>>> print(open('final-v4.csv').read())   # CSV, C-alpha atoms
chain,number,residue,atom,x,y,z
A,536,MET,CA,72.2,41.2,95.8
A,537,GLU,CA,74.6,43.9,94.5
A,538,LYS,CA,71.6,45.6,92.8
A,539,HIS,CA,69.8,45.9,96.1
A,540,ILE,CA,72.9,47.4,97.8
A,541,GLN,CA,73.2,50.0,95.0
A,542,ILE,CA,69.5,51.0,95.4
A,543,PHE,CA,70.0,51.3,99.2
A,544,LEU,CA,73.1,53.4,98.9
A,545,ARG,CA,71.3,55.7,96.4
A,546,LYS,CA,68.4,56.2,98.8
A,547,VAL,CA,70.8,57.1,101.6
A,548,SER,CA,72.6,59.6,99.3
A,549,TYR,CA,69.3,61.2,98.4
A,550,LEU,CA,68.3,61.4,102.0
A,551,ALA,CA,71.6,63.0,103.1
A,552,ILE,CA,71.3,65.6,100.3
A,553,THR,CA,67.7,66.4,101.4
A,554,ILE,CA,68.7,66.8,105.0
A,555,ALA,CA,71.6,69.1,104.1
A,556,THR,CA,69.5,71.3,101.9
A,557,LEU,CA,66.8,71.7,104.5
A,558,THR,CA,69.4,72.5,107.1
A,559,LEU,CA,70.9,75.3,105.0
A,560,LEU,CA,67.5,76.7,104.2
A,561,LEU,CA,66.6,76.9,107.9
A,562,VAL,CA,69.9,78.5,108.8
A,563,PHE,CA,69.5,81.1,106.0
A,564,LEU,CA,65.9,81.9,106.9
A,565,PHE,CA,66.0,82.0,110.7
A,566,GLN,CA,69.5,82.9,111.8
A,567,THR,CA,70.3,86.6,112.0
A,568,PRO,CA,73.7,87.4,110.4
A,569,PRO,CA,76.2,89.3,112.5
A,570,GLU,CA,76.4,93.0,111.9
A,571,THR,CA,80.1,93.0,112.3
A,572,CYS,CA,83.0,90.6,112.4
A,573,ILE,CA,84.5,92.3,115.4
A,574,ASP,CA,83.1,91.7,118.9
A,575,PRO,CA,81.5,95.1,120.0
A,576,LYS,CA,82.7,94.4,123.5
A,577,THR,CA,86.3,94.6,122.5
A,578,ASN,CA,85.9,97.6,120.1
A,579,PRO,CA,82.7,99.5,120.9
A,580,HIS,CA,83.5,102.2,118.2
A,581,HIS,CA,83.5,99.7,115.4
A,582,LYS,CA,80.7,100.4,113.0
A,583,PRO,CA,78.5,97.5,111.6
A,584,HIS,CA,78.6,96.4,108.0
A,585,PRO,CA,76.4,98.7,105.8
A,586,LYS,CA,73.2,97.1,104.7
A,587,SER,CA,72.7,99.5,101.7
A,588,SER,CA,74.6,102.1,99.7
A,589,CYS,CA,72.9,104.8,101.8
A,590,ASP,CA,74.4,103.4,105.0
A,591,ALA,CA,77.8,103.3,103.4
A,592,ALA,CA,77.6,106.9,102.3
A,593,HIS,CA,77.4,108.1,105.9
A,594,ARG,CA,80.8,106.8,106.7
A,595,PRO,CA,83.4,109.5,107.2
A,596,ILE,CA,85.4,110.4,104.1
A,597,THR,CA,89.1,111.0,104.4
A,598,THR,CA,90.1,114.5,103.4
A,599,ILE,CA,92.9,115.3,101.0
A,600,ASP,CA,94.9,116.8,103.9
A,601,LYS,CA,94.7,113.6,105.9
A,602,LYS,CA,95.7,111.5,102.8
A,603,ASN,CA,98.6,113.8,102.1
A,604,HIS,CA,99.7,113.8,105.8
A,605,ARG,CA,99.7,110.0,105.7
A,606,LEU,CA,101.6,109.9,102.5
A,607,TRP,CA,104.1,112.6,103.3
A,608,SER,CA,105.0,111.0,106.6
A,609,THR,CA,106.2,107.7,105.1
A,610,ASN,CA,109.9,106.9,104.9
A,611,ALA,CA,109.7,106.3,101.1
A,612,TRP,CA,108.3,109.8,100.5
A,613,ARG,CA,110.9,111.4,102.7
A,614,LYS,CA,113.8,109.6,101.0
A,615,SER,CA,112.5,110.6,97.6
A,616,VAL,CA,112.3,114.3,98.6
A,617,ASP,CA,115.8,114.2,100.0
A,618,SER,CA,117.0,112.6,96.8
A,619,PHE,CA,115.7,115.6,94.8
A,620,SER,CA,117.0,118.0,97.4
A,621,ALA,CA,120.6,116.8,96.8
A,622,ILE,CA,120.2,117.6,93.1
A,623,PHE,CA,118.7,121.1,93.7
A,624,HIS,CA,121.3,122.0,96.2
A,625,TYR,CA,123.9,121.2,93.6
A,626,LEU,CA,122.1,123.5,91.1
A,627,GLN,CA,122.2,126.2,93.8
A,628,THR,CA,126.0,126.0,93.9
A,629,LEU,CA,126.0,126.5,90.1
A,630,LYS,CA,123.8,129.6,90.5
A,631,HIS,CA,121.0,128.0,88.6
A,632,LEU,CA,118.6,128.3,91.6
A,633,SER,CA,117.7,131.0,94.0
A,634,ASN,CA,114.7,131.8,96.2
A,635,HIS,CA,113.3,134.0,93.5
A,636,THR,CA,113.5,131.4,90.7
A,637,GLN,CA,110.3,130.5,89.0
A,638,ALA,CA,110.5,126.7,88.5
A,639,LEU,CA,108.5,124.2,86.4
A,640,VAL,CA,108.6,120.5,87.1
A,641,LEU,CA,107.3,118.3,84.3
A,642,SER,CA,105.9,114.8,85.0
A,643,ALA,CA,106.0,115.7,88.7
A,644,GLY,CA,104.3,112.5,89.9
A,645,GLY,CA,103.1,112.9,93.4
A,646,GLY,CA,105.1,116.1,93.9
A,647,GLN,CA,108.3,115.0,95.6
A,648,ALA,CA,110.4,117.4,93.4
A,649,VAL,CA,108.0,120.2,94.0
A,650,MET,CA,108.1,119.8,97.8
A,651,SER,CA,111.9,119.6,97.6
A,652,LEU,CA,112.1,122.9,95.8
A,653,LYS,CA,109.7,124.6,98.3
A,654,GLU,CA,111.7,123.2,101.2
A,655,ILE,CA,115.0,124.7,99.9
A,656,GLY,CA,113.3,128.2,99.7
A,657,LEU,CA,111.7,128.6,96.3
A,658,HIS,CA,108.4,130.5,96.5
A,659,GLU,CA,107.0,129.9,93.0
A,660,VAL,CA,107.1,126.3,92.0
A,661,THR,CA,104.7,124.7,89.5
A,662,GLY,CA,104.4,121.0,89.1
A,663,VAL,CA,102.3,119.3,86.3
A,664,GLU,CA,101.3,115.8,85.6
A,665,LEU,CA,98.6,114.0,83.6
A,666,VAL,CA,96.9,113.3,87.0
A,667,ASP,CA,96.8,116.0,89.6
A,668,SER,CA,97.9,115.6,93.2
A,669,PRO,CA,96.8,118.7,95.1
A,670,PRO,CA,98.2,120.9,96.4
A,671,LEU,CA,101.6,120.2,94.9
A,672,VAL,CA,100.8,119.0,91.3
A,673,SER,CA,98.3,120.4,88.8
A,674,ARG,CA,96.8,118.5,85.9
A,675,ALA,CA,98.3,119.3,82.5
A,676,ASP,CA,99.7,117.5,79.4
A,677,PRO,CA,103.5,117.8,79.4
A,678,HIS,CA,103.4,117.6,75.6
A,679,ASN,CA,101.0,120.7,75.4
A,680,LEU,CA,101.7,122.9,78.4
A,681,PRO,CA,99.1,125.7,79.2
A,682,PHE,CA,101.8,128.3,79.8
A,683,PHE,CA,103.1,131.3,77.9
A,684,ASP,CA,106.6,131.3,76.4
A,685,GLY,CA,109.5,132.1,78.8
A,686,VAL,CA,107.5,132.3,82.0
A,687,PHE,CA,109.9,130.2,84.0
A,688,ASN,CA,113.6,130.5,84.9
A,689,LEU,CA,114.1,126.7,85.5
A,690,GLY,CA,112.5,123.7,83.8
A,691,PHE,CA,113.1,120.3,85.4
A,692,SER,CA,112.1,116.8,84.5
A,693,ALA,CA,113.3,113.4,85.7
A,694,HIS,CA,111.1,111.5,83.1
A,695,LEU,CA,112.2,112.7,79.7
A,696,ASP,CA,113.2,109.2,78.6
A,697,GLN,CA,109.7,108.0,79.5
A,698,ALA,CA,107.9,110.6,77.4
A,699,LEU,CA,105.6,109.4,74.7
A,700,PHE,CA,107.0,112.0,72.3
A,701,PRO,CA,110.4,113.0,73.6
A,702,SER,CA,111.0,115.7,71.0
A,703,ARG,CA,107.7,117.5,71.7
A,704,TYR,CA,108.2,117.0,75.4
A,705,ALA,CA,111.6,118.7,75.3
A,706,ARG,CA,110.3,121.4,73.0
A,707,GLU,CA,107.5,122.4,75.4
A,708,LEU,CA,109.9,122.4,78.4
A,709,GLU,CA,112.3,124.6,76.4
A,710,ARG,CA,109.5,126.9,75.2
A,711,THR,CA,108.4,127.8,78.7
A,712,VAL,CA,111.9,128.7,80.0
A,713,SER,CA,113.1,132.2,79.4
A,714,VAL,CA,116.3,133.1,77.6
A,715,GLY,CA,119.2,132.7,80.1
A,716,GLY,CA,117.2,130.2,82.1
A,717,THR,CA,118.1,126.6,82.7
A,718,CYS,CA,116.6,123.3,81.5
A,719,VAL,CA,117.6,120.2,83.5
A,720,VAL,CA,116.6,116.7,82.6
A,721,CYS,CA,117.5,113.4,84.3
A,722,VAL,CA,117.6,110.3,82.1
A,723,GLU,CA,118.8,106.7,82.5
A,724,GLU,CA,122.6,106.7,83.1
A,725,CYS,CA,124.3,107.1,79.8
A,726,GLY,CA,127.6,108.1,78.1
A,727,ASN,CA,128.7,110.9,75.9
A,728,ASP,CA,127.0,109.7,72.7
A,729,GLU,CA,123.6,109.4,74.4
A,730,VAL,CA,124.0,112.8,76.0
A,731,LYS,CA,124.6,114.2,72.5
A,732,GLU,CA,121.4,112.5,71.3
A,733,VAL,CA,119.5,114.1,74.2
A,734,MET,CA,120.9,117.5,73.3
A,735,LYS,CA,119.6,117.3,69.8
A,736,LEU,CA,116.1,117.5,71.3
A,737,PHE,CA,116.9,121.0,72.8
A,738,ARG,CA,117.3,123.1,69.7
A,739,LYS,CA,117.1,126.4,71.5
A,740,SER,CA,119.6,125.6,74.3
A,741,GLU,CA,123.3,125.0,74.6
A,742,PHE,CA,125.0,122.3,76.6
A,743,SER,CA,126.2,123.3,80.1
A,744,GLN,CA,127.1,120.2,82.0
A,745,ALA,CA,126.3,116.5,82.5
A,746,ARG,CA,127.0,114.3,85.5
A,747,ASN,CA,126.0,110.9,86.8
A,748,ILE,CA,123.7,111.0,89.9
A,749,THR,CA,121.6,108.7,92.0
A,750,LEU,CA,117.9,109.7,92.1
A,751,MET,CA,115.3,107.8,94.1
A,752,GLY,CA,117.7,104.8,94.2
A,753,SER,CA,118.3,104.7,90.4
A,754,LYS,CA,121.5,105.5,88.6
A,755,MET,CA,120.8,108.4,86.2
A,756,THR,CA,122.5,111.1,84.2
A,757,MET,CA,121.6,114.8,84.8
A,758,ILE,CA,122.0,117.0,81.8
A,759,ILE,CA,122.0,120.8,82.3
A,760,THR,CA,121.4,123.2,79.4
A,761,ARG,CA,121.1,126.9,79.2
A,762,ARG,CA,118.3,128.5,77.2
A,763,ILE,CA,119.8,130.9,74.6
A,764,LYS,CA,118.5,133.4,72.1
A,765,THR,CA,117.6,131.9,68.7
A,766,HIS,CA,116.6,133.1,65.3
A,767,CYS,CA,114.4,131.3,62.7
A,768,PHE,CA,116.1,130.9,59.3
A,769,TYR,CA,114.6,129.1,56.3
A,770,GLY,CA,111.7,127.5,58.1
A,771,ASP,CA,112.8,124.8,60.6
A,772,VAL,CA,116.5,125.7,60.6
A,773,ILE,CA,117.5,127.3,63.9
A,774,VAL,CA,120.3,129.8,64.3
A,775,LYS,CA,121.7,129.7,67.9
A,776,GLU,CA,123.1,133.0,69.3
A,777,THR,CA,125.9,131.7,71.5
A,778,SER,CA,128.7,133.5,73.3
A,779,ASN,CA,130.9,133.0,70.3
A,780,GLY,CA,128.5,134.5,67.8
A,781,LEU,CA,125.7,133.1,65.6
A,782,ASP,CA,126.0,129.4,65.0
A,783,LEU,CA,124.2,128.0,62.0
A,784,ASP,CA,124.7,124.2,61.8
A,785,GLY,CA,123.3,121.7,59.3
A,786,VAL,CA,121.8,124.1,56.7
A,787,ILE,CA,121.1,122.4,53.3
A,788,ILE,CA,121.6,124.7,50.3
A,789,ASP,CA,121.4,123.4,46.8
A,790,GLY,CA,121.7,119.8,48.0
A,791,ALA,CA,125.0,120.5,49.8
A,792,SER,CA,125.4,120.4,53.6
A,793,VAL,CA,127.3,123.4,55.0
A,794,LYS,CA,128.2,124.8,58.4
A,795,LEU,CA,128.2,128.6,58.7
A,796,LYS,CA,129.6,130.4,61.7
A,797,ARG,CA,130.2,134.1,61.9
A,798,SER,CA,130.8,136.7,64.6
A,799,SER,CA,127.9,138.7,65.9
A,800,ASP,CA,129.2,141.9,64.3
>>> encode(input="final-v4.csv", output="structure tokens")
Amino acid sequence: MEKHIQIFLRKVSYLAITIATLTLLLVFLFQTPPETCIDPKTNPHHKPHPKSSCDAAHRPITTIDKKNHRLWSTNAWRKSVDSFSAIFHYLQTLKHLSNHTQALVLSAGGGQAVMSLKEIGLHEVTGVELVDSPPLVSRADPHNLPFFDGVFNLGFSAHLDQALFPSRYARELERTVSVGGTCVVCVEECGNDEVKEVMKLFRKSEFSQARNITLMGSKMTMIITRRIKTHCFYGDVIVKETSNGLDLDGVIIDGASVKLKRSSD
């Protein structure tokens, strides 16, 4: 008896599967799929789904201007620009910035710092990043900048501590700033010892000032250096020409470490 019931149930299962399969085939073959998920009566301007790549290509393409307008009008963008503006206004009070300053922004991201500098009155601002963001940021490698030596009066970066090669990054920033110009970097909030470590990366600049700031909602330390005249001596040894004279530090002669400091005359 149980065997007959099992055979009957098996036949019913096969029949149900057959009916379901035929139903799906009929629906697939004879029912026309909707061209859009939105009722054309409620939104007559809505376009149907593209049936091929050619149909999709005819859809309007958003221009860079429209994308930028959408991005620049967000609250997050505006807050970021204002955050940079607070820093640059402070640099103006220190006479490091003016409307005629030629500024370079390394690792400029989307260009918030560039826009901030332009808004406070600078006419010549160059922002570079590995990925360009026209019209504010151009594509360039911060470790190998395509600029001549000393073409900028101000070099700025808020991402030195994120650089792949910090020493090379700082060297390129320093190279493109003219003697008497200013290099400004913002790093994760740190103390005096960490500031001294950062200053070791800037071999052609002298320390000017360091202060804790808030940038884009993050606690950071801003380090300001002044580009000074230097002289090469015995290969990699750098002689800094400071206001107190020529400062030669850390020279190794005959296995002995000495510190030489003499007046400019």
>>> atom_distance(input="final-v4.csv", atom1="atom CA of Arg674 of chain A", atom2="atom CA of Trp607 of chain A")
19.8 Å
>>> residues_around(input="final-v4.csv", residues="segment 682-691 of chain A", least_positions_apart="2", cutoff="7 Å", atoms="only C-alpha atoms", output="list in words")
Thr636, Gln637, Ala638, Leu639, Val640, Leu641, Leu680, Ala693, Leu708, Arg710, Thr711, Val712, Ser713, Val714, Gly716, Thr717, Cys718, Val719 and Val720 of chain A
>>> write_last_selection(input="final-v4.csv", atoms="C-alpha atoms", output="CSV table (one decimal), in the frame of the given file")
chain,number,residue,atom,x,y,z
A,636,THR,CA,113.5,131.4,90.7
A,637,GLN,CA,110.3,130.5,89.0
A,638,ALA,CA,110.5,126.7,88.5
A,639,LEU,CA,108.5,124.2,86.4
A,640,VAL,CA,108.6,120.5,87.1
A,641,LEU,CA,107.3,118.3,84.3
A,680,LEU,CA,101.7,122.9,78.4
A,693,ALA,CA,113.3,113.4,85.7
A,708,LEU,CA,109.9,122.4,78.4
A,710,ARG,CA,109.5,126.9,75.2
A,711,THR,CA,108.4,127.8,78.7
A,712,VAL,CA,111.9,128.7,80.0
A,713,SER,CA,113.1,132.2,79.4
A,714,VAL,CA,116.3,133.1,77.6
A,716,GLY,CA,117.2,130.2,82.1
A,717,THR,CA,118.1,126.6,82.7
A,718,CYS,CA,116.6,123.3,81.5
A,719,VAL,CA,117.6,120.2,83.5
A,720,VAL,CA,116.6,116.7,82.6
>>> atom_distance(input="final-v4.csv", atom1="atom CA of Lys754 of chain A", atom2="atom CA of Val722 of chain A")
9.0 Å
>>> atom_distance(input="final-v4.csv", atom1="atom CA of Gly726 of chain A", atom2="atom CA of Ala705 of chain A")
19.4 Å
>>> closest_atom_pairs(input="final-v4.csv", of="segment 607-646 of chain A", to="segment 655-665 of chain A", cutoff="12 Å", atoms="all atoms listed in the file", output="Markdown table")
| residue | atom | partner | partner_atom | distance |
| --- | --- | --- | --- | --- |
| A:Val616 | CA | A:Ile655 | CA | 10.8 |
| A:Asp617 | CA | A:Ile655 | CA | 10.5 |
| A:Phe619 | CA | A:Ile655 | CA | 10.5 |
| A:Ser620 | CA | A:Ile655 | CA | 7.4 |
| A:Ala621 | CA | A:Ile655 | CA | 10.2 |
| A:Ile622 | CA | A:Ile655 | CA | 11.1 |
| A:Phe623 | CA | A:Ile655 | CA | 8.1 |
| A:His624 | CA | A:Ile655 | CA | 7.8 |
| A:Tyr625 | CA | A:Ile655 | CA | 11.5 |
| A:Leu626 | CA | A:Ile655 | CA | 11.4 |
| A:Gln627 | CA | A:Ile655 | CA | 9.6 |
| A:Leu632 | CA | A:Leu657 | CA | 8.4 |
| A:Ser633 | CA | A:Leu657 | CA | 6.9 |
| A:Asn634 | CA | A:Leu657 | CA | 4.4 |
| A:His635 | CA | A:Leu657 | CA | 6.3 |
| A:Thr636 | CA | A:Leu657 | CA | 6.5 |
| A:Gln637 | CA | A:Glu659 | CA | 5.2 |
| A:Ala638 | CA | A:Val660 | CA | 4.9 |
| A:Leu639 | CA | A:Thr661 | CA | 4.9 |
| A:Val640 | CA | A:Gly662 | CA | 4.7 |
| A:Leu641 | CA | A:Val663 | CA | 5.5 |
| A:Ser642 | CA | A:Glu664 | CA | 4.7 |
| A:Ala643 | CA | A:Gly662 | CA | 5.6 |
| A:Gly644 | CA | A:Glu664 | CA | 6.2 |
| A:Gly645 | CA | A:Glu664 | CA | 8.5 |
| A:Gly646 | CA | A:Gly662 | CA | 6.9 |
>>> write_last_selection(input="final-v4.csv", atoms="C-alpha atoms", output="PDB file, in the coordinates of the input")
ATOM      1  CA  VAL A 616     112.300 114.300  98.600  1.00  0.00           C
ATOM      2  CA  ASP A 617     115.800 114.200 100.000  1.00  0.00           C
ATOM      3  CA  PHE A 619     115.700 115.600  94.800  1.00  0.00           C
ATOM      4  CA  SER A 620     117.000 118.000  97.400  1.00  0.00           C
ATOM      5  CA  ALA A 621     120.600 116.800  96.800  1.00  0.00           C
ATOM      6  CA  ILE A 622     120.200 117.600  93.100  1.00  0.00           C
ATOM      7  CA  PHE A 623     118.700 121.100  93.700  1.00  0.00           C
ATOM      8  CA  HIS A 624     121.300 122.000  96.200  1.00  0.00           C
ATOM      9  CA  TYR A 625     123.900 121.200  93.600  1.00  0.00           C
ATOM     10  CA  LEU A 626     122.100 123.500  91.100  1.00  0.00           C
ATOM     11  CA  GLN A 627     122.200 126.200  93.800  1.00  0.00           C
ATOM     12  CA  LEU A 632     118.600 128.300  91.600  1.00  0.00           C
ATOM     13  CA  SER A 633     117.700 131.000  94.000  1.00  0.00           C
ATOM     14  CA  ASN A 634     114.700 131.800  96.200  1.00  0.00           C
ATOM     15  CA  HIS A 635     113.300 134.000  93.500  1.00  0.00           C
ATOM     16  CA  THR A 636     113.500 131.400  90.700  1.00  0.00           C
ATOM     17  CA  GLN A 637     110.300 130.500  89.000  1.00  0.00           C
ATOM     18  CA  ALA A 638     110.500 126.700  88.500  1.00  0.00           C
ATOM     19  CA  LEU A 639     108.500 124.200  86.400  1.00  0.00           C
ATOM     20  CA  VAL A 640     108.600 120.500  87.100  1.00  0.00           C
ATOM     21  CA  LEU A 641     107.300 118.300  84.300  1.00  0.00           C
ATOM     22  CA  SER A 642     105.900 114.800  85.000  1.00  0.00           C
ATOM     23  CA  ALA A 643     106.000 115.700  88.700  1.00  0.00           C
ATOM     24  CA  GLY A 644     104.300 112.500  89.900  1.00  0.00           C
ATOM     25  CA  GLY A 645     103.100 112.900  93.400  1.00  0.00           C
ATOM     26  CA  GLY A 646     105.100 116.100  93.900  1.00  0.00           C
TER      27      GLY A 646
END
>>> closest_residue(input="final-v4.csv", among="A:Met751, A:Ala698, A:Leu560, A:Asp728", to="Trp612 of chain A", atoms="only C-alpha atoms")
A:Met751
>>> residues_around(input="final-v4.csv", residues="segment 741-748 of chain A", least_positions_apart="3", cutoff="7 Å", atoms="only C-alpha atoms", output="short mmCIF file (atom, residue, chain, number, x, y, z; two decimals) with C-alpha atoms, keeping the file's coordinate frame")
data_model
loop_
_atom_site.label_atom_id
_atom_site.label_comp_id
_atom_site.auth_asym_id
_atom_site.auth_seq_id
_atom_site.Cartn_x
_atom_site.Cartn_y
_atom_site.Cartn_z
CA GLU A 724 122.60 106.70 83.10
CA LYS A 754 121.50 105.50 88.60
CA MET A 755 120.80 108.40 86.20
CA THR A 756 122.50 111.10 84.20
CA MET A 757 121.60 114.80 84.80
CA ILE A 758 122.00 117.00 81.80
CA ILE A 759 122.00 120.80 82.30
CA THR A 760 121.40 123.20 79.40
CA ARG A 761 121.10 126.90 79.20
CA ARG A 762 118.30 128.50 77.20
CA ILE A 763 119.80 130.90 74.60
#
>>> residues_around(input="final-v4.csv", residues="His678 of chain A", least_positions_apart="3", cutoff="7 Å", atoms="only C-alpha atoms", output="JSON, numbers by chain")
{"A": [703, 704, 707]}
>>> closest_residue(input="final-v4.csv", among="A:Leu695, A:Leu736, A:Leu557, A:Ala675", to="Glu723 of chain A", atoms="only C-alpha atoms")
A:Leu695
>>> closest_residue(input="final-v4.csv", among="A:Ile554, A:Ile540, A:Val649, A:Leu671", to="Ser692 of chain A", atoms="only C-alpha atoms")
A:Val649
>>> build_atoms(input="final-v4.csv", residues="segment 647-656 of chain A", atoms="all heavy atoms", output="JSON list (two decimals), in the coordinates of the input")
[["chain", "number", "residue", "atom", "x", "y", "z"],
["A", 647, "GLN", "N", 107.10, 115.06, 94.73],
["A", 647, "GLN", "CA", 108.30, 115.00, 95.60],
["A", 647, "GLN", "C", 109.28, 116.15, 95.18],
["A", 647, "GLN", "O", 109.84, 116.82, 96.06],
["A", 647, "GLN", "CB", 108.99, 113.67, 95.47],
["A", 647, "GLN", "CG", 108.18, 112.52, 96.04],
["A", 647, "GLN", "CD", 107.35, 111.81, 94.99],
["A", 647, "GLN", "OE1", 106.85, 112.44, 94.08],
["A", 647, "GLN", "NE2", 107.20, 110.50, 95.13],
["A", 648, "ALA", "N", 109.50, 116.34, 93.87],
["A", 648, "ALA", "CA", 110.40, 117.40, 93.40],
["A", 648, "ALA", "C", 109.89, 118.76, 93.77],
["A", 648, "ALA", "O", 110.65, 119.67, 94.13],
["A", 648, "ALA", "CB", 110.67, 117.26, 91.92],
["A", 649, "VAL", "N", 108.59, 118.94, 93.66],
["A", 649, "VAL", "CA", 108.00, 120.20, 94.00],
["A", 649, "VAL", "C", 108.17, 120.54, 95.48],
["A", 649, "VAL", "O", 108.56, 121.65, 95.86],
["A", 649, "VAL", "CB", 106.48, 120.21, 93.64],
["A", 649, "VAL", "CG1", 105.81, 121.52, 94.06],
["A", 649, "VAL", "CG2", 106.28, 119.98, 92.15],
["A", 650, "MET", "N", 107.92, 119.55, 96.32],
["A", 650, "MET", "CA", 108.10, 119.80, 97.80],
["A", 650, "MET", "C", 109.56, 120.05, 98.07],
["A", 650, "MET", "O", 109.87, 120.92, 98.93],
["A", 650, "MET", "CB", 107.64, 118.52, 98.53],
["A", 650, "MET", "CG", 107.87, 118.62, 100.03],
["A", 650, "MET", "SD", 107.22, 117.21, 100.97],
["A", 650, "MET", "CE", 105.46, 117.57, 100.90],
["A", 651, "SER", "N", 110.48, 119.37, 97.39],
["A", 651, "SER", "CA", 111.90, 119.60, 97.60],
["A", 651, "SER", "C", 112.29, 121.04, 97.31],
["A", 651, "SER", "O", 113.01, 121.69, 98.08],
["A", 651, "SER", "CB", 112.72, 118.63, 96.80],
["A", 651, "SER", "OG", 114.10, 118.90, 96.91],
["A", 652, "LEU", "N", 111.81, 121.55, 96.17],
["A", 652, "LEU", "CA", 112.10, 122.90, 95.80],
["A", 652, "LEU", "C", 111.54, 123.93, 96.79],
["A", 652, "LEU", "O", 112.17, 124.94, 97.11],
["A", 652, "LEU", "CB", 111.58, 123.21, 94.39],
["A", 652, "LEU", "CG", 112.36, 122.57, 93.23],
["A", 652, "LEU", "CD1", 111.58, 122.68, 91.94],
["A", 652, "LEU", "CD2", 113.73, 123.22, 93.08],
["A", 653, "LYS", "N", 110.35, 123.66, 97.27],
["A", 653, "LYS", "CA", 109.70, 124.60, 98.30],
["A", 653, "LYS", "C", 110.53, 124.52, 99.57],
["A", 653, "LYS", "O", 110.69, 125.55, 100.24],
["A", 653, "LYS", "CB", 108.29, 124.16, 98.49],
["A", 653, "LYS", "CG", 107.36, 124.49, 97.32],
["A", 653, "LYS", "CD", 105.93, 124.08, 97.62],
["A", 653, "LYS", "CE", 104.99, 124.47, 96.49],
["A", 653, "LYS", "NZ", 104.83, 125.95, 96.39],
["A", 654, "GLU", "N", 111.02, 123.35, 99.94],
["A", 654, "GLU", "CA", 111.70, 123.20, 101.20],
["A", 654, "GLU", "C", 113.09, 123.95, 101.17],
["A", 654, "GLU", "O", 113.56, 124.41, 102.23],
["A", 654, "GLU", "CB", 111.95, 121.75, 101.54],
["A", 654, "GLU", "CG", 110.69, 121.05, 102.00],
["A", 654, "GLU", "CD", 110.94, 119.60, 102.38],
["A", 654, "GLU", "OE1", 112.06, 119.10, 102.14],
["A", 654, "GLU", "OE2", 110.01, 118.96, 102.92],
["A", 655, "ILE", "N", 113.70, 124.05, 99.99],
["A", 655, "ILE", "CA", 115.00, 124.70, 99.90],
["A", 655, "ILE", "C", 114.82, 126.26, 99.75],
["A", 655, "ILE", "O", 115.81, 126.96, 99.64],
["A", 655, "ILE", "CB", 115.89, 124.18, 98.81],
["A", 655, "ILE", "CG1", 115.28, 124.46, 97.43],
["A", 655, "ILE", "CG2", 116.12, 122.71, 99.01],
["A", 655, "ILE", "CD1", 116.20, 124.02, 96.29],
["A", 656, "GLY", "N", 113.55, 126.72, 99.69],
["A", 656, "GLY", "CA", 113.30, 128.20, 99.70],
["A", 656, "GLY", "C", 112.65, 128.79, 98.55],
["A", 656, "GLY", "O", 112.39, 130.00, 98.56]]
